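For reference, the structure discussed in these notes is given below.
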Amino acid sequence: MPSTNDKLVIAGREFDSRLMVGTGKYADFQQMVRAIEVSGAQIITVAVRRVNISDRSKESLLDHIDQKKYTLLPNTAGCYTADDAIRTCRLAREAGLSDFVKLEVLGDEKTLFPNNEELLKAAKVLIAEGFTVLPYTSDDPIICKRLEDMGCAAVMPLGAPIGSGLGIRNPYNIQIILETIKVPVIVDAGVGTASDAAIAMELGCDGVLMNTAIAGAQDPVAMAEAMNLAVRAGRLAYRAGRIPRKLYASASSPLAGLIA
């Protein structure tokens, strides 16, 4: 029977929840707070470029997040070069947010696919400066292995384009990454509904990060609860071990000893 002691461990830090959630696109801060609460998430990602960290006299989403309860994961959303991403991470650390960062270096505005060349450059510099780097990357096993080898604390391959809601488009690449990588593999981007999150976890992923799937739902709070349950169910199913797929039927009841 699977052990109940099943923590997500990233760079030596333990978390009970394997769901990570974002803070953008909500109708208001109250809705955001309630959705985060019911999601059960312990890691909350915050776009540094969208947070007013220079003038704390003005209202900020940070005023609504209990930083004693949640681990902040500043992200470099909106950065298109390694230099911009590095600068953004340094700003987050200087402002006292965290050196535990989600590194995004985007390739273009239409697809929001990662620019892996710039991503590798930024990751190398940030790791050397003592940051704990969680990179958003393509579902490319080779790139993921390079990120692990240079010292990233996890790899975060996309399931589908950011905000698309298409789900896991290439489960086979995700499976290869899982077989290749020893650090946590966290699906980041593309989840649309609870079944997508469950599939990611059933594949063996260590976690799922999402924002739009919850904040963009008709009822974000209800969807946050659904995602909480889906991630937990998917993880439990993975650890329980599914039955093999078969082409033909297999009787649930034994055929031997039937009354003639």
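We name chains A, B, ... following the order of the structure tokens; residues begin at 1 in each chain, and ligands are numbered from 1 as shown.
Proximity to Gly78 of chain A at 8 Å, evaluated using only C-alpha atoms and with sequence-adjacent residues fewer than 6 positions away removed, yields A:Arg49, A:Glu104, A:Val105, A:Leu106.
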Test item: residues at most 12 Å from Val33 of chain A, only C-alpha atoms, excluding those fewer than 2 positions along its chain, as a ChimeraX atom specification: /A:21-24,26-31,35-41,44,61-66,70,215,220-221,224
Next item on the list: Pick out each residue of segment 75-240 of chain A that DSSP on the backbone tags as strand (DSSP E or B); I need them as an NGL selection string.
Entry: :A and (75 or 100-103 or 106 or 114 or 132-137 or 155-157 or 185-188 or 207-210)
Counting only C-alpha atoms, the residue among A:Glu202, A:Ala213, A:Gly151, A:Asn75 that lies closest to Ala237 of chain A is A:Glu202
Q) segment 99-248 of chain A: which residues are helix (DSSP H, G or I) by DSSP, as a ChimeraX atom specification? A) /A:116-128,141-150,171-180,194-203,212-215,220-240
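In this comparison, which uses only C-alpha atoms, the residue of A:Val185, A:Ile168, A:Ala160, A:Ala128 approaching Glu148 of chain A most closely is A:Val185.
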| Nearby residues (only C-alpha atoms) at most 12 Å from Thr180 of chain A, same-chain spacing under 3 positions excluded, as a PyMOL selection string | chain A and resi 140-149+155+173-177+183-185
Pairwise distance, atom CA of Cys89 of chain A with atom CA of Leu120 of chain A, equals 14.7 Å
Check: Contacts of Ala198 of chain A at 8 Å or less, counting only C-alpha atoms, minus same-chain residues fewer than 3 places along, as number ranges by chain?
Finding: A: 194-195, 201-202, 230-235
Each residue of segment 109-217 of chain A with at least one atom at most 10 Å from segment 90-97 of chain A should appear once, together with its nearest atom pair and the corresponding distance in Å (one decimal); atoms considered: only C-alpha atoms; ordering: chain, then increasing residue number; output as JSON lines.
{"residue": "A:Leu126", "atom": "CA", "partner": "A:Arg90", "partner_atom": "CA", "distance": 8.6}
{"residue": "A:Glu129", "atom": "CA", "partner": "A:Arg90", "partner_atom": "CA", "distance": 9.3}
{"residue": "A:Phe131", "atom": "CA", "partner": "A:Arg93", "partner_atom": "CA", "distance": 8.9}
For the selection just defined, write its residues with all heavy atoms to a file, as an mmCIF file, in the first residue's frame.
data_model
loop_
_atom_site.group_PDB
_atom_site.id
_atom_site.type_symbol
_atom_site.label_atom_id
_atom_site.label_comp_id
_atom_site.auth_asym_id
_atom_site.auth_seq_id
_atom_site.Cartn_x
_atom_site.Cartn_y
_atom_site.Cartn_z
ATOM 1 N N LEU A 126 22.007 32.485 -12.837
ATOM 2 C CA LEU A 126 21.240 32.526 -11.591
ATOM 3 C C LEU A 126 21.663 31.424 -10.618
ATOM 4 O O LEU A 126 21.749 31.665 -9.401
ATOM 5 C CB LEU A 126 19.746 32.419 -11.904
ATOM 6 C CG LEU A 126 19.150 33.633 -12.631
ATOM 7 C CD1 LEU A 126 17.740 33.322 -13.110
ATOM 8 C CD2 LEU A 126 19.147 34.866 -11.729
ATOM 9 N N GLU A 129 24.668 32.421 -8.866
ATOM 10 C CA GLU A 129 24.413 33.472 -7.877
ATOM 11 C C GLU A 129 23.607 32.965 -6.682
ATOM 12 O O GLU A 129 23.217 33.750 -5.825
ATOM 13 C CB GLU A 129 23.695 34.638 -8.546
ATOM 14 C CG GLU A 129 24.553 35.372 -9.569
ATOM 15 C CD GLU A 129 23.861 36.594 -10.166
ATOM 16 O OE1 GLU A 129 22.730 36.920 -9.729
ATOM 17 O OE2 GLU A 129 24.462 37.220 -11.068
ATOM 18 N N PHE A 131 20.613 31.264 -6.648
ATOM 19 C CA PHE A 131 19.165 31.123 -6.774
ATOM 20 C C PHE A 131 18.785 29.640 -6.879
ATOM 21 O O PHE A 131 19.548 28.831 -7.423
ATOM 22 C CB PHE A 131 18.649 31.848 -8.018
ATOM 23 C CG PHE A 131 18.601 33.341 -7.885
ATOM 24 C CD1 PHE A 131 19.709 34.120 -8.227
ATOM 25 C CD2 PHE A 131 17.448 33.977 -7.441
ATOM 26 C CE1 PHE A 131 19.665 35.499 -8.120
ATOM 27 C CE2 PHE A 131 17.398 35.360 -7.335
ATOM 28 C CZ PHE A 131 18.501 36.128 -7.673
#
